[in-house]
file protein.cif (mmCIF, C-alpha atoms and all ligand atoms)
data_input
loop_
_atom_site.group_PDB
_atom_site.id
_atom_site.type_symbol
_atom_site.label_atom_id
_atom_site.label_comp_id
_atom_site.auth_asym_id
_atom_site.auth_seq_id
_atom_site.Cartn_x
_atom_site.Cartn_y
_atom_site.Cartn_z
ATOM 1 C CA MET A 83 -18.937 15.459 27.591
ATOM 2 C CA ASP A 84 -17.834 12.001 28.739
ATOM 3 C CA THR A 85 -15.423 10.959 26.010
ATOM 4 C CA GLN A 86 -15.992 7.271 26.760
ATOM 5 C CA LYS A 87 -19.528 7.735 25.441
ATOM 6 C CA ALA A 88 -18.283 8.656 21.964
ATOM 7 C CA THR A 89 -19.994 5.659 20.391
ATOM 8 C CA GLU A 90 -23.431 6.404 21.846
ATOM 9 C CA PHE A 91 -26.255 7.841 19.718
ATOM 10 C CA GLY A 92 -26.514 11.611 19.702
ATOM 11 C CA MET A 93 -27.475 14.619 17.600
ATOM 12 C CA ASN A 94 -25.151 13.808 14.730
ATOM 13 C CA ARG A 95 -26.396 15.555 11.579
ATOM 14 C CA THR A 96 -23.447 14.869 9.282
ATOM 15 C CA GLY A 97 -25.198 12.286 7.064
ATOM 16 C CA THR A 98 -27.193 13.421 4.025
ATOM 17 C CA LYS A 99 -30.058 11.105 4.989
ATOM 18 C CA TYR A 100 -30.699 13.216 8.079
ATOM 19 C CA ASN A 101 -32.296 15.819 5.804
ATOM 20 C CA LEU A 102 -32.348 14.640 2.200
ATOM 21 C CA ASP A 103 -34.158 17.767 0.885
ATOM 22 C CA GLU A 104 -31.386 20.020 2.207
ATOM 23 C CA ALA A 105 -28.732 17.705 0.769
ATOM 24 C CA ILE A 106 -30.357 17.857 -2.702
ATOM 25 C CA LYS A 107 -30.547 21.666 -2.472
ATOM 26 C CA THR A 108 -26.840 21.804 -1.569
ATOM 27 C CA ALA A 109 -25.924 19.642 -4.573
ATOM 28 C CA GLU A 110 -28.075 21.779 -6.890
ATOM 29 C CA GLY A 111 -26.537 24.971 -5.503
ATOM 30 C CA ALA A 112 -23.037 23.632 -6.063
ATOM 31 C CA LYS A 113 -23.892 22.792 -9.680
ATOM 32 C CA LYS A 114 -25.420 26.215 -10.304
ATOM 33 C CA LEU A 115 -22.831 28.387 -8.554
ATOM 34 C CA THR A 116 -19.560 26.605 -9.308
ATOM 35 C CA SER A 117 -17.951 25.468 -12.534
ATOM 36 C CA PRO A 118 -16.214 22.147 -11.993
ATOM 37 C CA PRO A 119 -13.317 21.453 -14.366
ATOM 38 C CA LYS A 120 -14.053 19.245 -17.354
ATOM 39 C CA GLY A 121 -13.169 15.553 -17.200
ATOM 40 C CA ASP A 122 -13.344 13.055 -14.384
ATOM 41 C CA GLY A 123 -11.729 13.636 -10.997
ATOM 42 C CA LEU A 124 -8.808 11.357 -11.735
ATOM 43 C CA THR A 125 -7.773 13.040 -14.999
ATOM 44 C CA VAL A 126 -8.222 16.586 -13.738
ATOM 45 C CA PHE A 127 -6.331 16.120 -10.476
ATOM 46 C CA CYS A 128 -3.699 13.895 -12.055
ATOM 47 C CA ASP A 129 -2.852 16.534 -14.679
ATOM 48 C CA LYS A 130 -2.641 19.277 -12.047
ATOM 49 C CA ARG A 131 -0.566 17.111 -9.732
ATOM 50 C CA MET A 132 1.847 16.179 -12.531
ATOM 51 C CA GLU A 133 2.330 19.876 -13.199
ATOM 52 C CA TYR A 134 3.280 20.524 -9.550
ATOM 53 C CA ILE A 135 5.447 17.391 -9.369
ATOM 54 C CA ARG A 136 7.492 18.512 -12.386
ATOM 55 C CA GLU A 137 8.025 21.966 -10.865
ATOM 56 C CA SER A 138 8.886 20.765 -7.359
ATOM 57 C CA ASP A 139 12.219 20.174 -5.681
ATOM 58 C CA ALA A 140 12.867 17.028 -3.627
ATOM 59 C CA VAL A 141 12.101 16.964 0.110
ATOM 60 C CA GLY A 142 15.446 18.169 1.448
ATOM 61 C CA THR A 143 18.815 16.466 1.141
ATOM 62 C CA VAL A 144 20.742 13.914 3.178
ATOM 63 C CA PRO A 145 23.310 15.717 5.369
ATOM 64 C CA THR A 146 26.909 14.730 4.746
ATOM 65 C CA PRO A 147 28.544 12.851 7.656
ATOM 66 C CA THR A 148 30.368 15.050 10.136
ATOM 67 C CA SER A 149 33.098 12.414 10.505
ATOM 68 C CA LEU A 150 34.293 9.483 8.419
ATOM 69 C CA LYS A 151 36.080 7.966 11.415
ATOM 70 C CA GLY A 152 34.778 4.491 12.149
ATOM 71 C CA MET A 153 32.696 4.336 9.005
ATOM 72 C CA LEU A 154 32.655 0.913 7.376
ATOM 73 C CA SER A 155 34.127 0.733 3.873
ATOM 74 C CA SER A 156 30.865 -0.741 2.511
ATOM 75 C CA LEU A 157 28.981 2.333 3.670
ATOM 76 C CA MET A 158 31.735 4.638 2.454
ATOM 77 C CA GLU A 159 31.636 2.972 -0.984
ATOM 78 C CA LYS A 160 27.895 3.470 -1.253
ATOM 79 C CA MET A 161 28.191 7.094 -0.242
ATOM 80 C CA LYS A 162 30.949 7.702 -2.789
ATOM 81 C CA LYS A 163 28.466 6.533 -5.418
ATOM 82 C CA GLY A 164 25.946 9.040 -4.126
ATOM 83 C CA ASP A 165 23.839 6.487 -2.247
ATOM 84 C CA HIS A 166 23.010 7.992 1.152
ATOM 85 C CA SER A 167 19.936 5.859 1.722
ATOM 86 C CA PHE A 168 21.101 4.253 4.985
ATOM 87 C CA ILE A 169 21.679 7.610 6.687
ATOM 88 C CA ASP A 170 18.361 8.778 5.270
ATOM 89 C CA LYS A 171 16.428 5.794 6.646
ATOM 90 C CA LEU A 172 18.262 5.843 9.974
ATOM 91 C CA GLY A 173 17.247 9.500 10.275
ATOM 92 C CA GLU A 174 13.681 8.410 9.576
ATOM 93 C CA ARG A 175 13.809 5.882 12.440
ATOM 94 C CA ILE A 176 15.126 8.563 14.793
ATOM 95 C CA ALA A 177 12.194 10.808 13.887
ATOM 96 C CA PHE A 178 9.680 7.981 14.077
ATOM 97 C CA GLU A 179 10.818 6.610 17.436
ATOM 98 C CA ARG A 180 10.765 10.134 18.889
ATOM 99 C CA THR A 181 7.193 10.526 17.637
ATOM 100 C CA GLY A 182 6.351 7.046 18.955
ATOM 101 C CA THR A 183 7.580 8.065 22.399
ATOM 102 C CA ARG A 184 5.368 11.150 22.315
ATOM 103 C CA LEU A 185 2.373 9.154 21.106
ATOM 104 C CA TYR A 186 2.708 6.799 24.085
ATOM 105 C CA GLU A 187 3.075 9.773 26.448
ATOM 106 C CA ALA A 188 -0.220 11.089 25.097
ATOM 107 C CA LEU A 189 -1.807 7.628 25.401
ATOM 108 C CA ILE A 190 -0.764 7.409 29.059
ATOM 109 C CA ALA A 191 -2.418 10.791 29.654
ATOM 110 C CA LYS A 192 -5.585 9.488 27.953
ATOM 111 C CA TYR A 193 -5.503 6.510 30.277
ATOM 112 C CA GLU A 194 -4.960 8.571 33.417
ATOM 113 C CA GLY A 195 -7.588 11.106 32.382
ATOM 114 C CA SER A 196 -10.340 8.556 31.742
ATOM 115 C CA ALA A 197 -13.040 8.322 34.375
ATOM 116 C CA ASP A 198 -13.931 4.677 33.721
ATOM 117 C CA LYS A 199 -10.938 2.359 33.291
ATOM 118 C CA ALA A 200 -12.858 -0.880 33.835
ATOM 119 C CA ASN A 201 -11.982 -2.534 30.506
ATOM 120 C CA PHE A 202 -8.629 -0.893 29.998
ATOM 121 C CA PRO A 203 -5.424 -2.890 29.452
ATOM 122 C CA ASP A 204 -2.525 -2.909 31.890
ATOM 123 C CA LEU A 205 -1.005 0.582 32.253
ATOM 124 C CA SER A 206 2.381 -0.836 33.263
ATOM 125 C CA VAL A 207 2.641 -2.491 29.820
ATOM 126 C CA ILE A 208 1.843 0.797 28.071
ATOM 127 C CA LYS A 209 4.541 2.475 30.177
ATOM 128 C CA LYS A 210 6.972 -0.296 29.217
ATOM 129 C CA PHE A 211 6.270 0.273 25.513
ATOM 130 C CA HIS A 212 6.783 4.006 26.019
ATOM 131 C CA HIS A 213 10.152 3.315 27.608
ATOM 132 C CA GLU A 214 11.107 0.990 24.735
ATOM 133 C CA GLU A 215 10.196 3.571 22.076
ATOM 134 C CA LEU A 216 12.491 6.002 23.875
ATOM 135 C CA SER A 217 15.286 3.430 24.059
ATOM 136 C CA HIS A 218 14.866 2.756 20.306
ATOM 137 C CA PHE A 219 15.178 6.488 19.670
ATOM 138 C CA ARG A 220 18.415 6.549 21.677
ATOM 139 C CA LEU A 221 19.690 3.415 19.921
ATOM 140 C CA CYS A 222 19.145 5.015 16.504
ATOM 141 C CA CYS A 223 20.822 8.252 17.636
ATOM 142 C CA GLU A 224 23.855 6.276 18.827
ATOM 143 C CA ALA A 225 23.929 4.328 15.553
ATOM 144 C CA MET A 226 23.896 7.606 13.618
ATOM 145 C CA GLU A 227 26.807 8.899 15.725
ATOM 146 C CA GLU A 228 28.700 5.646 15.146
ATOM 147 C CA ILE A 229 28.549 5.996 11.366
ATOM 148 C CA GLY A 230 29.575 9.651 11.548
ATOM 149 C CA GLY A 231 26.142 11.177 10.978
ATOM 150 C CA ASP A 232 24.314 13.862 12.919
ATOM 151 C CA PRO A 233 21.310 12.483 14.845
ATOM 152 C CA THR A 234 19.802 15.968 15.130
ATOM 153 C CA ALA A 235 19.604 16.438 11.343
ATOM 154 C CA VAL A 236 16.236 15.946 9.643
ATOM 155 C CA THR A 237 16.792 13.661 6.664
ATOM 156 C CA PRO A 238 14.319 13.628 3.730
ATOM 157 C CA SER A 239 12.693 10.377 4.897
ATOM 158 C CA ALA A 240 12.491 11.768 8.433
ATOM 159 C CA ASP A 241 10.699 14.788 7.034
ATOM 160 C CA VAL A 242 8.246 12.606 5.090
ATOM 161 C CA ALA A 243 7.622 10.386 8.123
ATOM 162 C CA GLY A 244 6.985 13.472 10.264
ATOM 163 C CA VAL A 245 4.430 14.858 7.813
ATOM 164 C CA ALA A 246 2.708 11.468 7.521
ATOM 165 C CA ALA A 247 2.599 11.030 11.308
ATOM 166 C CA ALA A 248 1.130 14.489 11.881
ATOM 167 C CA GLY A 249 -2.401 13.089 11.851
ATOM 168 C CA TRP A 250 -1.563 10.563 14.601
ATOM 169 C CA VAL A 251 -0.029 13.291 16.755
ATOM 170 C CA GLN A 252 -3.057 15.502 16.169
ATOM 171 C CA ALA A 253 -5.459 12.688 17.085
ATOM 172 C CA LEU A 254 -3.613 11.727 20.274
ATOM 173 C CA GLY A 255 -3.448 15.384 21.311
ATOM 174 C CA ASP A 256 -7.189 15.910 20.861
ATOM 175 C CA PRO A 257 -8.805 15.711 24.320
ATOM 176 C CA ARG A 258 -12.119 14.584 22.801
ATOM 177 C CA ILE A 259 -10.530 11.434 21.341
ATOM 178 C CA ASN A 260 -10.889 8.796 24.030
ATOM 179 C CA PHE A 261 -8.510 6.081 25.187
ATOM 180 C CA LYS A 262 -9.862 3.332 22.913
ATOM 181 C CA GLN A 263 -9.818 5.598 19.862
ATOM 182 C CA SER A 264 -6.270 6.654 20.767
ATOM 183 C CA LEU A 265 -5.215 3.023 21.065
ATOM 184 C CA GLU A 266 -6.526 2.427 17.536
ATOM 185 C CA VAL A 267 -4.353 5.300 16.318
ATOM 186 C CA ILE A 268 -1.351 3.782 18.104
ATOM 187 C CA LEU A 269 -2.039 0.527 16.236
ATOM 188 C CA GLN A 270 -1.640 2.371 12.926
ATOM 189 C CA ALA A 271 1.683 3.776 14.122
ATOM 190 C CA GLU A 272 2.899 0.381 15.348
ATOM 191 C CA LEU A 273 2.066 -1.261 11.999
ATOM 192 C CA VAL A 274 4.279 1.240 10.196
ATOM 193 C CA ASP A 275 6.921 1.143 12.929
ATOM 194 C CA ASN A 276 7.222 -2.627 12.588
ATOM 195 C CA ASP A 277 7.637 -2.659 8.792
ATOM 196 C CA CYS A 278 10.155 0.188 8.861
ATOM 197 C CA TRP A 279 12.389 -1.710 11.292
ATOM 198 C CA ASP A 280 12.427 -4.639 8.844
ATOM 199 C CA VAL A 281 13.597 -2.334 6.063
ATOM 200 C CA LEU A 282 16.308 -0.736 8.215
ATOM 201 C CA ILE A 283 17.595 -4.128 9.385
ATOM 202 C CA GLY A 284 17.715 -5.343 5.771
ATOM 203 C CA MET A 285 19.729 -2.281 4.758
ATOM 204 C CA ALA A 286 22.155 -2.714 7.681
ATOM 205 C CA GLU A 287 22.584 -6.398 6.734
ATOM 206 C CA ASP A 288 23.365 -5.451 3.120
ATOM 207 C CA LEU A 289 26.079 -3.112 4.373
ATOM 208 C CA GLY A 290 27.549 -5.713 6.712
ATOM 209 C CA LEU A 291 26.874 -3.558 9.784
ATOM 210 C CA ASN A 292 26.605 -6.660 11.932
ATOM 211 C CA THR A 293 26.848 -5.047 15.369
ATOM 212 C CA LEU A 294 24.067 -2.668 14.459
ATOM 213 C CA VAL A 295 21.991 -5.516 12.997
ATOM 214 C CA ASP A 296 22.212 -7.362 16.336
ATOM 215 C CA LYS A 297 21.046 -4.280 18.252
ATOM 216 C CA PHE A 298 18.300 -3.538 15.741
ATOM 217 C CA GLU A 299 17.056 -7.149 15.949
ATOM 218 C CA VAL A 300 16.496 -6.706 19.701
ATOM 219 C CA ALA A 301 14.495 -3.553 19.027
ATOM 220 C CA LYS A 302 12.515 -5.433 16.361
ATOM 221 C CA ILE A 303 11.589 -8.177 18.848
ATOM 222 C CA GLU A 304 10.230 -5.476 21.147
ATOM 223 C CA GLU A 305 8.375 -3.859 18.252
ATOM 224 C CA ASP A 306 6.817 -7.230 17.369
ATOM 225 C CA ILE A 307 5.470 -7.404 20.916
ATOM 226 C CA HIS A 308 4.159 -3.827 20.718
ATOM 227 C CA LEU A 309 2.278 -4.649 17.537
ATOM 228 C CA SER A 310 0.797 -7.976 18.615
ATOM 229 C CA THR A 311 -0.208 -6.575 22.030
ATOM 230 C CA ILE A 312 -1.821 -3.362 20.761
ATOM 231 C CA ARG A 313 -3.555 -5.340 18.021
ATOM 232 C CA ALA A 314 -4.984 -7.751 20.622
ATOM 233 C CA TRP A 315 -6.075 -4.884 22.894
ATOM 234 C CA VAL A 316 -7.853 -3.113 20.040
ATOM 235 C CA LYS A 317 -9.696 -6.320 19.212
ATOM 236 C CA GLU A 318 -10.604 -6.947 22.840
ATOM 237 C CA MET A 319 -11.833 -3.417 23.448
ATOM 238 C CA ASN A 320 -14.017 -3.573 20.344
ATOM 239 C CA LEU A 321 -15.175 -7.176 20.329
ATOM 240 C CA ALA A 322 -15.290 -8.427 23.884
ATOM 241 C CA PRO A 323 -15.362 -5.688 26.496
ATOM 242 C CA GLY A 324 -14.530 -6.965 29.938
ATOM 243 C CA THR A 325 -11.378 -8.906 29.171
ATOM 244 C CA SER A 326 -7.895 -7.604 28.637
ATOM 245 C CA ILE A 327 -4.369 -8.925 28.290
ATOM 246 C CA LYS A 328 -2.366 -8.618 31.476
ATOM 247 C CA SER A 329 1.324 -7.776 31.556
ATOM 248 C CA SER A 330 2.264 -11.287 32.702
ATOM 249 C CA GLU A 331 0.847 -12.744 29.470
ATOM 250 C CA ILE A 332 3.098 -10.657 27.269
ATOM 251 C CA ASN A 333 6.304 -12.295 26.071
ATOM 252 C CA ARG A 334 9.433 -10.496 26.987
ATOM 253 C CA PRO A 335 12.324 -10.101 24.537
ATOM 254 C CA SER A 336 15.456 -12.119 25.201
ATOM 255 C CA GLN A 337 17.498 -8.964 25.747
ATOM 256 C CA VAL A 338 16.676 -5.484 26.963
ATOM 257 C CA ILE A 339 18.270 -2.387 25.487
ATOM 258 C CA ASN A 340 19.661 -0.079 28.136
HETATM 259 FE FE FE A 401 9.081 2.176 17.626
HETATM 260 FE FE FE A 402 6.574 0.396 18.821
#

call {"tool": "encode", "arguments": {"input": "protein.cif", "output": "structure tokens", "more": "lines below"}}
Ligand SMILES: [Fe+2]
Ligand SMILES: [Fe+2]
result
Amino acid sequence: MDTQKATEFGMNRTGTKYNLDEAIKTAEGAKKLTSPPKGDGLTVFCDKRMEYIRESDAVGTVPTPTSLKGMLSSLMEKMKKGDHSFIDKLGERIAFERTGTRLYEALIAKYEGSADKANFPDLSVIKKFHHEELSHFRLCCEAMEEIGGDPTAVTPSADVAGVAAAGWVQALGDPRINFKQSLEVILQAELVDNDCWDVLIGMAEDLGLNTLVDKFEVAKIEEDIHLSTIRAWVKEMNLAPGTSIKSSEINRPSQVIN
């Protein structure tokens, strides 16, 4: 099947209107053969969920730093009070940027594997974004090392981000999902990516980690460009096929992370 034809009409029978009689029979059968719990969906599921929530442990723990050498007193103070949120969120960024790198690798494969690239955006820009995601991953790993943490440890927020991103990874890895559909998935990831950088920068500012703030701000400028570019491409590919943003039209950040 030509995956670029995914929006053409075909033998899709998923809607109930395709065969209303069969849909009514299915609903009647479900009523007859199953006994749904009493109460509305919200109450029933909420009660059950509350039960599980009360019984559950938290998602992991924040690993203690391997070294306190070079750690700023503001961060040390917070950690003495049991607040490990900066290490937790930095661990999340490491996980997210690693996933972002892999998502772009999959997007590049979607691009290369597409038979008709007529309305596609500039591949060199996609490759640039891939490179920047990787450099952000490295930047976050270095930052973790600098504050005495272990960049290979999976923090609770990293774990949560990984679970939440699993759908994106699954979609990009599905060979039936075409380039445009994959780009739309990347847009979801970039929206989250962008907001999470804001949070991390705010936390670093609160702690007075000024050198890190400066480096993170550069990454954020690049992330802003990722978001605005992917957003524009998604619009163009859906609304006005035939035009696309070229690499020369994309603003470059004032600095480049090595
Ligand atoms: Fe990113
Ligand atoms: Fe990004």

call {"tool": "resolve_selection", "arguments": {"input": "protein.cif", "expression": "the PyMOL selection byres (((chain A and resi 213) around 12) and not hetatm)", "output": "VMD selection string"}}
result
chain A and resid 179 to 180 182 to 187 190 206 to 212 214 to 220 301 304 to 305 308 338 to 340

call {"tool": "closest_residue", "arguments": {"input": "protein.cif", "among": "A:Ile135, A:Ile169, A:Leu265, A:Ile106", "to": "Leu282 (chain A)", "atoms": "all atoms listed in the file"}}
result
A:Ile169

call {"tool": "axis_aligned_box", "arguments": {"input": "protein.cif", "around": "region 234-250 of chain A", "padding_each_side": "3 Å", "output": "AutoDock Vina command-line options"}}
result
--center_x 8.7 --center_y 13.4 --center_z 9.4 --size_x 28.2 --size_y 12.1 --size_z 17.4

call {"tool": "atom_distance", "arguments": {"input": "protein.cif", "atom1": "CA of Pro233 (chain A)", "atom2": "CA of Leu221 (chain A)"}}
result
10.5 Å

call {"tool": "resolve_selection", "arguments": {"input": "protein.cif", "expression": "the PyMOL selection byres (((chain A and resi 236-240) around 6) and not hetatm)", "output": "CSV table (one decimal) with C-alpha atoms, in the frame of the given file"}}
result
chain,number,residue,atom,x,y,z
A,141,VAL,CA,12.1,17.0,0.1
A,142,GLY,CA,15.4,18.2,1.4
A,143,THR,CA,18.8,16.5,1.1
A,144,VAL,CA,20.7,13.9,3.2
A,170,ASP,CA,18.4,8.8,5.3
A,173,GLY,CA,17.2,9.5,10.3
A,174,GLU,CA,13.7,8.4,9.6
A,177,ALA,CA,12.2,10.8,13.9
A,235,ALA,CA,19.6,16.4,11.3
A,241,ASP,CA,10.7,14.8,7.0
A,242,VAL,CA,8.2,12.6,5.1
A,243,ALA,CA,7.6,10.4,8.1

call {"tool": "residues_around", "arguments": {"input": "protein.cif", "residues": "Glu228 (chain A)", "least_positions_apart": "2", "cutoff": "12 Å", "atoms": "only C-alpha atoms", "output": "MDAnalysis selection string"}}
result
chainID A and resid 147:154 157 169 172 221:226 230:233 291 293:294

call {"tool": "residues_around", "arguments": {"input": "protein.cif", "residues": "Val267 (chain A)", "least_positions_apart": "5", "cutoff": "10 Å", "atoms": "all atoms listed in the file", "output": "ChimeraX atom specification"}}
result
/A:185,189,249-251,253-254,261-262,272,316

call {"tool": "atom_distance", "arguments": {"input": "protein.cif", "atom1": "CA of Gly255 (chain A)", "atom2": "CA of Ile268 (chain A)"}}
result
12.2 Å

call {"tool": "atom_distance", "arguments": {"input": "protein.cif", "atom1": "CA of Ala247 (chain A)", "atom2": "CA of Gly123 (chain A)"}}
result
26.6 Å

call {"tool": "closest_residue", "arguments": {"input": "protein.cif", "among": "A:Gln270, A:Asn101, A:Thr146, A:Ser196", "to": "ligand FE 401 (chain A)", "atoms": "all atoms listed in the file"}}
result
A:Gln270

call {"tool": "closest_residue", "arguments": {"input": "protein.cif", "among": "A:Lys317, A:Arg258, A:Lys199, A:Arg175", "to": "ligand FE 401 (chain A)", "atoms": "only C-alpha atoms and all ligand atoms"}}
result
A:Arg175

call {"tool": "closest_residue", "arguments": {"input": "protein.cif", "among": "A:Val126, A:Leu269, A:Ala197, A:Met319", "to": "ligand FE 401 (chain A)", "atoms": "only C-alpha atoms and all ligand atoms"}}
result
A:Leu269

call {"tool": "closest_residue", "arguments": {"input": "protein.cif", "among": "A:Met158, A:Leu273, A:Ala191, A:Val295", "to": "ligand FE 401 (chain A)", "atoms": "all atoms listed in the file"}}
result
A:Leu273
